[in-house]
Amino acid sequence: MAAATPSTTPHSLLLQKTPQNHAFLKPNSTTLTLTNQTPARPFSISCSATLPIQDRPSLQTQPQDRIFNFAAGPATLPENVLLKAQSDLYNWHGSGMSVMEMSHRGKDFRSIIEKAEADLRALLNIPENYAVLFLQGGATTQFAAVPLNLCQHDDTVNYLVTGSWGDRAFKEAQKYCKPKVIWSGKSEKYVRVPSFDGLEQSPNAKYLHICANETIYGVEFKDYPVPSNPNGVLVADMSSNFCSTRVDVTKFGLIYAGAQKNVGPSGVCIVIVRKDLIGNAQEVTPVMLDYKIHAENNSLYNTPPCFGIYMCGLVFEDLLKQGGLEEVEKKNKKKAGILYNAIDESKGFYRCPVEKPGRSLMNVPFTLEKSELEADFLKEAAKEKMVELKGHRSVGGMRASIYNAMPLDGVERLVAFMKDFQARHA
């Protein structure tokens with residue numbers, strides 16, 4: 001398929017579709033005349049900014065192509081979602097105001113958050129006996145909120161650690177309960193998910209915690225362990241693979257996820273928690289970490305991240321229009337397969353350290369046989385409009401994050417570049 005020109009690609013539509021009827025986007029003069037739609041006397045506002053308006057770049061005409069952003073988070077968002085948000089930014093659905101200006105207790109925003117929850121429930125088939133909370137503080141805040149809400153200070157809980165985020169969650173839990181690491185891949189540099197058969201779980205553990213997808217190391221659970229305690233529950237940090245594949249929510253007591261990788265911008269954390277687990281928080285639990293407070297107030301106890309929730313809602317709607325998570329999962333498997341095949345077939349020029357059964361569909365780490373070429377690889381990729389391919393500072397190498405919104409074309413472009421780079425440097 002021939003490459004589209006910048007003037008016709010979806011990458012360029014973001015700027016082509018800028019609203020044309022706003023006076024502040026017409027840089028013809030330092031004096032703006034604004035007129036109401038109903039008959040009224042015009043009035044003027046004089047602008048005394050240091051930089052004359054006519055010297056500022058116009059949003060209508062400024063040329064700018066979209067790039068392929070392989071960042072681990074905040075990450076690329078669906079272009080049609082961005083365009084929808086752009087068209088609604090100034091005046092949402094004729095309300096006369098932006099979502100960013102709405103009262104979170106008004107009927108307009110309530111309709112936004114209620115639809116976002118309904119669409120998420122449809123996507124993941126979330127039963128009614130689970131609460132959906134839209135919170136702040138990112139997934140890292142949940143490292144404390146989970147033990148504070150699900151156990152008491154002397155209770156034992158288990159952690160299965162397959163990467164840095166699981167390790168951080170365990171360390172935070174030490175402040176609030178008696179956590180025990182029942183398996184860690186640290187000595188192997190986090191390259192696999194363990195067999196569940198040999199796990200020695202604590203018989204009275206209140207919960208078993210996992211990180212479903214380790215963003216830094218690219219290790220992902222394809223199946224999930226079952227707590228040995230019949231009264232215990234499985235807890236999962238799904239920040240980097242949330243809504244990327246089908247999940248049986250009923251296998252979990254609690255799921256939490258930062259939105260900024262797959263379903264929205266930074267600033268929103270989503271918690272899905274079984275309702276019978278709510279209401280038993282430790283006495284020292286801050287009010288903003290108490291699930292009961294947020295559930296009783298429908299995530300509106302205080303001002304939530306309104307615009308972020310709105311964006312999540314647009315993403316949920318988009319995922320449903322794609323055919324739901326079954327179709328999304330197919331697309332993600334195809335993209336990941338293309339990239340992993342290119343790595344495995346490079347005769348050692350590129351190498352993925354993760355064992356194949358635990359390879360992530362979302363985050364693909366790889367190294368170059370000649371590490372001295374890494375800087376050139378990144379520089380040349382950036383020239384080809386592919387950015388944020390540098391691995392996490394703690395592990396080095398490369399990492400391509402290919403979340404839901406990364407188009408197939410982006411992965412194919414990266415693979416073509418990798419092959420060309422190898423041909424020139426092998």
# chains A, B, ... in the order shown; residues from 1 in each chain; ligands from 1
>>> select_by_dssp(residues="range 364-421 of chain A", states="strand (DSSP E)", output="list in words")
Val364, Pro365, Phe366, Thr367, Leu368, Met386, Val387, Met398, Arg399, Ala400 and Ser401 of chain A
>>> residues_around(residues="range 117-132 of chain A", least_positions_apart="3", cutoff="9 Å", atoms="only C-alpha atoms", output="PyMOL selection string")
chain A and resi 112-114+243+246-250+253-254+270-276+295+298-299+313+316-317+319-320+324-325
>>> write_last_selection(atoms="N, CA, C and O atoms", output="compact mmCIF listing (two decimals), in the first residue's frame")
# COMPACT_ATOMS: atom_id res chain seq x y z
N ILE A 112 -21.26 11.96 31.68
CA ILE A 112 -19.98 11.50 31.14
C ILE A 112 -19.43 10.35 31.96
O ILE A 112 -19.04 9.30 31.41
N ILE A 113 -19.38 10.49 33.27
CA ILE A 113 -18.78 9.45 34.11
C ILE A 113 -19.68 8.21 34.16
O ILE A 113 -19.17 7.08 34.21
N GLU A 114 -20.98 8.41 34.11
CA GLU A 114 -21.88 7.24 34.12
C GLU A 114 -21.75 6.44 32.84
O GLU A 114 -21.77 5.20 32.86
N CYS A 243 -7.55 -3.58 29.42
CA CYS A 243 -8.39 -3.48 28.21
C CYS A 243 -7.63 -3.81 26.93
O CYS A 243 -8.00 -3.35 25.85
N ARG A 246 -9.16 -9.95 26.70
CA ARG A 246 -10.29 -10.35 27.53
C ARG A 246 -9.81 -10.86 28.89
O ARG A 246 -8.78 -11.52 28.98
N VAL A 247 -10.56 -10.54 29.92
CA VAL A 247 -10.23 -10.92 31.28
C VAL A 247 -11.51 -11.35 31.99
O VAL A 247 -12.54 -10.67 31.87
N ASP A 248 -11.43 -12.46 32.72
CA ASP A 248 -12.55 -12.88 33.55
C ASP A 248 -12.43 -12.16 34.89
O ASP A 248 -11.66 -12.56 35.76
N VAL A 249 -13.18 -11.11 35.04
CA VAL A 249 -13.09 -10.27 36.24
C VAL A 249 -13.41 -11.06 37.50
O VAL A 249 -12.86 -10.79 38.57
N THR A 250 -14.25 -12.07 37.38
CA THR A 250 -14.67 -12.81 38.56
C THR A 250 -13.54 -13.63 39.19
O THR A 250 -13.70 -14.14 40.30
N GLY A 253 -10.46 -10.42 43.14
CA GLY A 253 -11.17 -9.63 44.13
C GLY A 253 -11.03 -8.15 43.82
O GLY A 253 -11.94 -7.35 44.07
N LEU A 254 -9.89 -7.79 43.22
CA LEU A 254 -9.61 -6.39 42.93
C LEU A 254 -8.66 -6.28 41.74
O LEU A 254 -7.66 -7.01 41.67
N ILE A 270 -8.09 3.50 37.69
CA ILE A 270 -9.35 2.78 37.74
C ILE A 270 -9.22 1.59 38.68
O ILE A 270 -8.25 0.82 38.60
N VAL A 271 -10.17 1.44 39.58
CA VAL A 271 -10.21 0.32 40.51
C VAL A 271 -11.52 -0.43 40.32
O VAL A 271 -12.60 0.17 40.31
N ILE A 272 -11.41 -1.74 40.12
CA ILE A 272 -12.57 -2.62 40.03
C ILE A 272 -12.49 -3.56 41.23
O ILE A 272 -11.56 -4.37 41.32
N VAL A 273 -13.42 -3.44 42.16
CA VAL A 273 -13.31 -4.18 43.43
C VAL A 273 -14.64 -4.83 43.79
O VAL A 273 -15.70 -4.22 43.63
N ARG A 274 -14.55 -6.07 44.23
CA ARG A 274 -15.76 -6.78 44.66
C ARG A 274 -16.37 -6.08 45.86
O ARG A 274 -15.67 -5.71 46.81
N LYS A 275 -17.65 -5.86 45.82
CA LYS A 275 -18.30 -5.00 46.81
C LYS A 275 -18.20 -5.53 48.24
O LYS A 275 -18.17 -4.74 49.19
N ASP A 276 -18.15 -6.85 48.40
CA ASP A 276 -18.08 -7.37 49.76
C ASP A 276 -16.72 -7.14 50.41
O ASP A 276 -16.57 -7.34 51.62
N ALA A 295 -16.89 4.58 46.74
CA ALA A 295 -18.01 3.80 46.20
C ALA A 295 -19.34 4.44 46.57
O ALA A 295 -20.25 4.53 45.74
N ASN A 298 -19.92 7.45 44.33
CA ASN A 298 -19.84 7.24 42.89
C ASN A 298 -18.64 7.94 42.26
O ASN A 298 -18.74 8.59 41.21
N SER A 299 -17.49 7.85 42.94
CA SER A 299 -16.22 8.45 42.50
C SER A 299 -16.24 9.97 42.48
O SER A 299 -15.40 10.60 41.85
N GLY A 313 -13.55 7.61 28.80
CA GLY A 313 -14.85 7.26 28.24
C GLY A 313 -14.84 7.19 26.73
O GLY A 313 -15.43 6.29 26.12
N PHE A 316 -13.09 3.95 25.79
CA PHE A 316 -13.96 2.79 25.98
C PHE A 316 -14.97 2.68 24.83
O PHE A 316 -15.22 1.59 24.31
N GLU A 317 -15.54 3.82 24.46
CA GLU A 317 -16.51 3.83 23.37
C GLU A 317 -15.85 3.36 22.07
O GLU A 317 -16.43 2.59 21.30
N LEU A 319 -13.22 1.36 21.78
CA LEU A 319 -12.92 -0.07 21.86
C LEU A 319 -14.17 -0.90 21.59
O LEU A 319 -14.11 -1.95 20.94
N LEU A 320 -15.31 -0.45 22.07
CA LEU A 320 -16.56 -1.15 21.79
C LEU A 320 -16.88 -1.11 20.30
O LEU A 320 -17.33 -2.11 19.72
N GLY A 324 -15.12 -4.77 20.57
CA GLY A 324 -14.85 -5.24 21.92
C GLY A 324 -13.47 -5.83 22.06
O GLY A 324 -12.65 -5.81 21.14
N LEU A 325 -13.19 -6.37 23.24
CA LEU A 325 -11.83 -6.81 23.54
C LEU A 325 -11.41 -8.06 22.80
O LEU A 325 -10.21 -8.32 22.65
>>> closest_residue(among="A:Pro353, A:Gly138, A:Pro304, A:Gly337", to="Glu412 in chain A", atoms="only C-alpha atoms")
A:Gly337
>>> residues_around(residues="Asn363 in chain A", least_positions_apart="2", cutoff="7 Å", atoms="only C-alpha atoms", output="PDB file with C-alpha atoms, in the first residue's frame")
ATOM      1  CA  THR A 215       6.027  -2.600  31.767  1.00  0.00           C
ATOM      2  CA  GLY A 218       7.969  -6.999  29.267  1.00  0.00           C
ATOM      3  CA  SER A 360       4.158  -9.203  26.762  1.00  0.00           C
ATOM      4  CA  LEU A 361       1.800  -8.162  23.999  1.00  0.00           C
ATOM      5  CA  PRO A 365      12.116  -5.125  25.255  1.00  0.00           C
ATOM      6  CA  ARG A 399      11.652  -1.138  24.403  1.00  0.00           C
ATOM      7  CA  ALA A 400       8.747  -0.757  22.013  1.00  0.00           C
ATOM      8  CA  SER A 401       5.426  -0.238  23.765  1.00  0.00           C
ATOM      9  CA  ILE A 402       2.709  -1.231  21.314  1.00  0.00           C
TER      10      ILE A 402
END
>>> closest_residue(among="A:Asn297, A:Lys292, A:Glu79, A:Ser184", to="Arg110 in chain A", atoms="only C-alpha atoms")
A:Asn297
>>> residues_around(residues="Pro357 in chain A", least_positions_apart="4", cutoff="10 Å", atoms="only C-alpha atoms", output="JSON, numbers by chain")
{"A": [192, 193, 219, 220, 221, 222]}
>>> write_last_selection(atoms="N, CA, C and O atoms", output="compact mmCIF listing (two decimals), in the first residue's frame")
# COMPACT_ATOMS: atom_id res chain seq x y z
N ARG A 192 10.62 -14.23 33.20
CA ARG A 192 9.55 -15.22 33.04
C ARG A 192 8.49 -15.09 34.13
O ARG A 192 8.68 -14.41 35.14
N VAL A 193 7.38 -15.77 33.86
CA VAL A 193 6.32 -15.97 34.84
C VAL A 193 6.50 -17.38 35.39
O VAL A 193 6.73 -18.32 34.64
N VAL A 219 7.15 -8.66 30.84
CA VAL A 219 6.70 -9.98 31.29
C VAL A 219 5.21 -9.91 31.59
O VAL A 219 4.77 -9.06 32.37
N GLU A 220 4.44 -10.82 30.99
CA GLU A 220 2.98 -10.76 31.12
C GLU A 220 2.40 -12.12 31.48
O GLU A 220 2.78 -13.14 30.92
N PHE A 221 1.46 -12.11 32.41
CA PHE A 221 0.71 -13.32 32.74
C PHE A 221 -0.28 -13.62 31.62
O PHE A 221 -1.04 -12.75 31.22
N LYS A 222 -0.29 -14.85 31.14
CA LYS A 222 -1.30 -15.29 30.16
C LYS A 222 -2.44 -16.01 30.85
O LYS A 222 -3.52 -16.17 30.29
>>> select_by_dssp(residues="range 69-237 of chain A", states="alpha helix (DSSP H)", output="PyMOL selection string")
chain A and resi 79-88+107-124+138-150+164-173
>>> closest_residue(among="A:Ile255, A:Cys177, A:Asp223, A:Lys335", to="Gln142 in chain A", atoms="only C-alpha atoms")
A:Ile255
>>> closest_residue(among="A:Asn302, A:Tyr256, A:Met100, A:Tyr217", to="Asp88 in chain A", atoms="only C-alpha atoms")
A:Met100
>>> atom_distance(atom1="CA of Leu314 in chain A", atom2="CA of Gly106 in chain A")
19.2 Å
>>> decode(residues="range 296-332 of chain A", atoms="N, CA and C atoms", output="PDB file, in the first residue's frame")
ATOM      1  N   GLU A 296     -19.454   4.903  47.819  1.00  0.00           N
ATOM      2  CA  GLU A 296     -20.698   5.527  48.258  1.00  0.00           C
ATOM      3  C   GLU A 296     -20.974   6.830  47.530  1.00  0.00           C
ATOM      4  N   ASN A 297     -19.921   7.475  47.057  1.00  0.00           N
ATOM      5  CA  ASN A 297     -20.083   8.764  46.374  1.00  0.00           C
ATOM      6  C   ASN A 297     -19.904   8.670  44.859  1.00  0.00           C
ATOM      7  N   ASN A 298     -19.917   7.447  44.335  1.00  0.00           N
ATOM      8  CA  ASN A 298     -19.838   7.236  42.885  1.00  0.00           C
ATOM      9  C   ASN A 298     -18.642   7.945  42.260  1.00  0.00           C
ATOM     10  N   SER A 299     -17.489   7.851  42.938  1.00  0.00           N
ATOM     11  CA  SER A 299     -16.219   8.446  42.498  1.00  0.00           C
ATOM     12  C   SER A 299     -16.245   9.969  42.485  1.00  0.00           C
ATOM     13  N   LEU A 300     -17.227  10.567  43.186  1.00  0.00           N
ATOM     14  CA  LEU A 300     -17.375  12.025  43.191  1.00  0.00           C
ATOM     15  C   LEU A 300     -17.281  12.597  44.604  1.00  0.00           C
ATOM     16  N   TYR A 301     -16.548  11.924  45.484  1.00  0.00           N
ATOM     17  CA  TYR A 301     -16.401  12.431  46.853  1.00  0.00           C
ATOM     18  C   TYR A 301     -15.749  13.810  46.840  1.00  0.00           C
ATOM     19  N   ASN A 302     -14.704  13.942  46.033  1.00  0.00           N
ATOM     20  CA  ASN A 302     -14.107  15.263  45.802  1.00  0.00           C
ATOM     21  C   ASN A 302     -14.003  15.451  44.295  1.00  0.00           C
ATOM     22  N   THR A 303     -13.401  16.537  43.861  1.00  0.00           N
ATOM     23  CA  THR A 303     -13.304  16.785  42.427  1.00  0.00           C
ATOM     24  C   THR A 303     -12.398  15.736  41.781  1.00  0.00           C
ATOM     25  N   PRO A 304     -12.926  14.912  40.898  1.00  0.00           N
ATOM     26  CA  PRO A 304     -12.112  13.888  40.248  1.00  0.00           C
ATOM     27  C   PRO A 304     -11.367  14.477  39.049  1.00  0.00           C
ATOM     28  N   PRO A 305     -10.496  13.700  38.419  1.00  0.00           N
ATOM     29  CA  PRO A 305      -9.817  14.167  37.198  1.00  0.00           C
ATOM     30  C   PRO A 305     -10.794  14.142  36.024  1.00  0.00           C
ATOM     31  N   CYS A 306     -11.624  15.169  35.953  1.00  0.00           N
ATOM     32  CA  CYS A 306     -12.782  15.164  35.045  1.00  0.00           C
ATOM     33  C   CYS A 306     -12.403  14.941  33.581  1.00  0.00           C
ATOM     34  N   PHE A 307     -11.441  15.704  33.084  1.00  0.00           N
ATOM     35  CA  PHE A 307     -11.114  15.580  31.669  1.00  0.00           C
ATOM     36  C   PHE A 307     -10.495  14.218  31.381  1.00  0.00           C
ATOM     37  N   GLY A 308      -9.684  13.714  32.290  1.00  0.00           N
ATOM     38  CA  GLY A 308      -9.099  12.389  32.103  1.00  0.00           C
ATOM     39  C   GLY A 308     -10.161  11.309  32.040  1.00  0.00           C
ATOM     40  N   ILE A 309     -11.173  11.395  32.897  1.00  0.00           N
ATOM     41  CA  ILE A 309     -12.271  10.422  32.879  1.00  0.00           C
ATOM     42  C   ILE A 309     -13.044  10.523  31.573  1.00  0.00           C
ATOM     43  N   TYR A 310     -13.276  11.748  31.125  1.00  0.00           N
ATOM     44  CA  TYR A 310     -13.935  11.963  29.832  1.00  0.00           C
ATOM     45  C   TYR A 310     -13.155  11.287  28.708  1.00  0.00           C
ATOM     46  N   MET A 311     -11.820  11.436  28.715  1.00  0.00           N
ATOM     47  CA  MET A 311     -10.996  10.810  27.679  1.00  0.00           C
ATOM     48  C   MET A 311     -11.061   9.288  27.770  1.00  0.00           C
ATOM     49  N   CYS A 312     -11.040   8.764  28.983  1.00  0.00           N
ATOM     50  CA  CYS A 312     -11.184   7.311  29.154  1.00  0.00           C
ATOM     51  C   CYS A 312     -12.509   6.838  28.557  1.00  0.00           C
ATOM     52  N   GLY A 313     -13.551   7.615  28.796  1.00  0.00           N
ATOM     53  CA  GLY A 313     -14.848   7.260  28.244  1.00  0.00           C
ATOM     54  C   GLY A 313     -14.837   7.194  26.731  1.00  0.00           C
ATOM     55  N   LEU A 314     -14.152   8.144  26.101  1.00  0.00           N
ATOM     56  CA  LEU A 314     -14.045   8.118  24.637  1.00  0.00           C
ATOM     57  C   LEU A 314     -13.288   6.885  24.165  1.00  0.00           C
ATOM     58  N   VAL A 315     -12.247   6.501  24.897  1.00  0.00           N
ATOM     59  CA  VAL A 315     -11.478   5.308  24.531  1.00  0.00           C
ATOM     60  C   VAL A 315     -12.339   4.052  24.691  1.00  0.00           C
ATOM     61  N   PHE A 316     -13.089   3.950  25.790  1.00  0.00           N
ATOM     62  CA  PHE A 316     -13.963   2.787  25.981  1.00  0.00           C
ATOM     63  C   PHE A 316     -14.966   2.681  24.835  1.00  0.00           C
ATOM     64  N   GLU A 317     -15.538   3.819  24.465  1.00  0.00           N
ATOM     65  CA  GLU A 317     -16.505   3.834  23.365  1.00  0.00           C
ATOM     66  C   GLU A 317     -15.853   3.362  22.073  1.00  0.00           C
ATOM     67  N   ASP A 318     -14.622   3.809  21.847  1.00  0.00           N
ATOM     68  CA  ASP A 318     -13.890   3.415  20.644  1.00  0.00           C
ATOM     69  C   ASP A 318     -13.592   1.918  20.636  1.00  0.00           C
ATOM     70  N   LEU A 319     -13.217   1.363  21.780  1.00  0.00           N
ATOM     71  CA  LEU A 319     -12.921  -0.072  21.859  1.00  0.00           C
ATOM     72  C   LEU A 319     -14.169  -0.902  21.586  1.00  0.00           C
ATOM     73  N   LEU A 320     -15.315  -0.450  22.074  1.00  0.00           N
ATOM     74  CA  LEU A 320     -16.563  -1.149  21.788  1.00  0.00           C
ATOM     75  C   LEU A 320     -16.883  -1.113  20.301  1.00  0.00           C
ATOM     76  N   LYS A 321     -16.648   0.031  19.667  1.00  0.00           N
ATOM     77  CA  LYS A 321     -16.919   0.163  18.232  1.00  0.00           C
ATOM     78  C   LYS A 321     -16.002  -0.737  17.403  1.00  0.00           C
ATOM     79  N   GLN A 322     -14.821  -1.050  17.938  1.00  0.00           N
ATOM     80  CA  GLN A 322     -13.901  -1.949  17.230  1.00  0.00           C
ATOM     81  C   GLN A 322     -14.352  -3.407  17.294  1.00  0.00           C
ATOM     82  N   GLY A 323     -15.352  -3.678  18.121  1.00  0.00           N
ATOM     83  CA  GLY A 323     -15.820  -5.048  18.274  1.00  0.00           C
ATOM     84  C   GLY A 323     -15.548  -5.629  19.638  1.00  0.00           C
ATOM     85  N   GLY A 324     -15.125  -4.772  20.574  1.00  0.00           N
ATOM     86  CA  GLY A 324     -14.850  -5.241  21.923  1.00  0.00           C
ATOM     87  C   GLY A 324     -13.466  -5.829  22.065  1.00  0.00           C
ATOM     88  N   LEU A 325     -13.192  -6.366  23.240  1.00  0.00           N
ATOM     89  CA  LEU A 325     -11.827  -6.805  23.545  1.00  0.00           C
ATOM     90  C   LEU A 325     -11.409  -8.057  22.798  1.00  0.00           C
ATOM     91  N   GLU A 326     -12.351  -8.829  22.306  1.00  0.00           N
ATOM     92  CA  GLU A 326     -11.982  -9.990  21.484  1.00  0.00           C
ATOM     93  C   GLU A 326     -11.272  -9.536  20.215  1.00  0.00           C
ATOM     94  N   GLU A 327     -11.819  -8.522  19.553  1.00  0.00           N
ATOM     95  CA  GLU A 327     -11.186  -8.000  18.339  1.00  0.00           C
ATOM     96  C   GLU A 327      -9.902  -7.248  18.664  1.00  0.00           C
ATOM     97  N   VAL A 328      -9.923  -6.499  19.752  1.00  0.00           N
ATOM     98  CA  VAL A 328      -8.720  -5.764  20.158  1.00  0.00           C
ATOM     99  C   VAL A 328      -7.582  -6.732  20.449  1.00  0.00           C
ATOM    100  N   GLU A 329      -7.892  -7.835  21.107  1.00  0.00           N
ATOM    101  CA  GLU A 329      -6.879  -8.843  21.423  1.00  0.00           C
ATOM    102  C   GLU A 329      -6.267  -9.422  20.143  1.00  0.00           C
ATOM    103  N   LYS A 330      -7.081  -9.688  19.139  1.00  0.00           N
ATOM    104  CA  LYS A 330      -6.571 -10.210  17.866  1.00  0.00           C
ATOM    105  C   LYS A 330      -5.571  -9.240  17.243  1.00  0.00           C
ATOM    106  N   LYS A 331      -5.922  -7.965  17.253  1.00  0.00           N
ATOM    107  CA  LYS A 331      -5.031  -6.959  16.679  1.00  0.00           C
ATOM    108  C   LYS A 331      -3.721  -6.891  17.451  1.00  0.00           C
ATOM    109  N   ASN A 332      -3.799  -6.951  18.774  1.00  0.00           N
ATOM    110  CA  ASN A 332      -2.590  -6.869  19.591  1.00  0.00           C
ATOM    111  C   ASN A 332      -1.688  -8.078  19.391  1.00  0.00           C
TER     112      ASN A 332
END
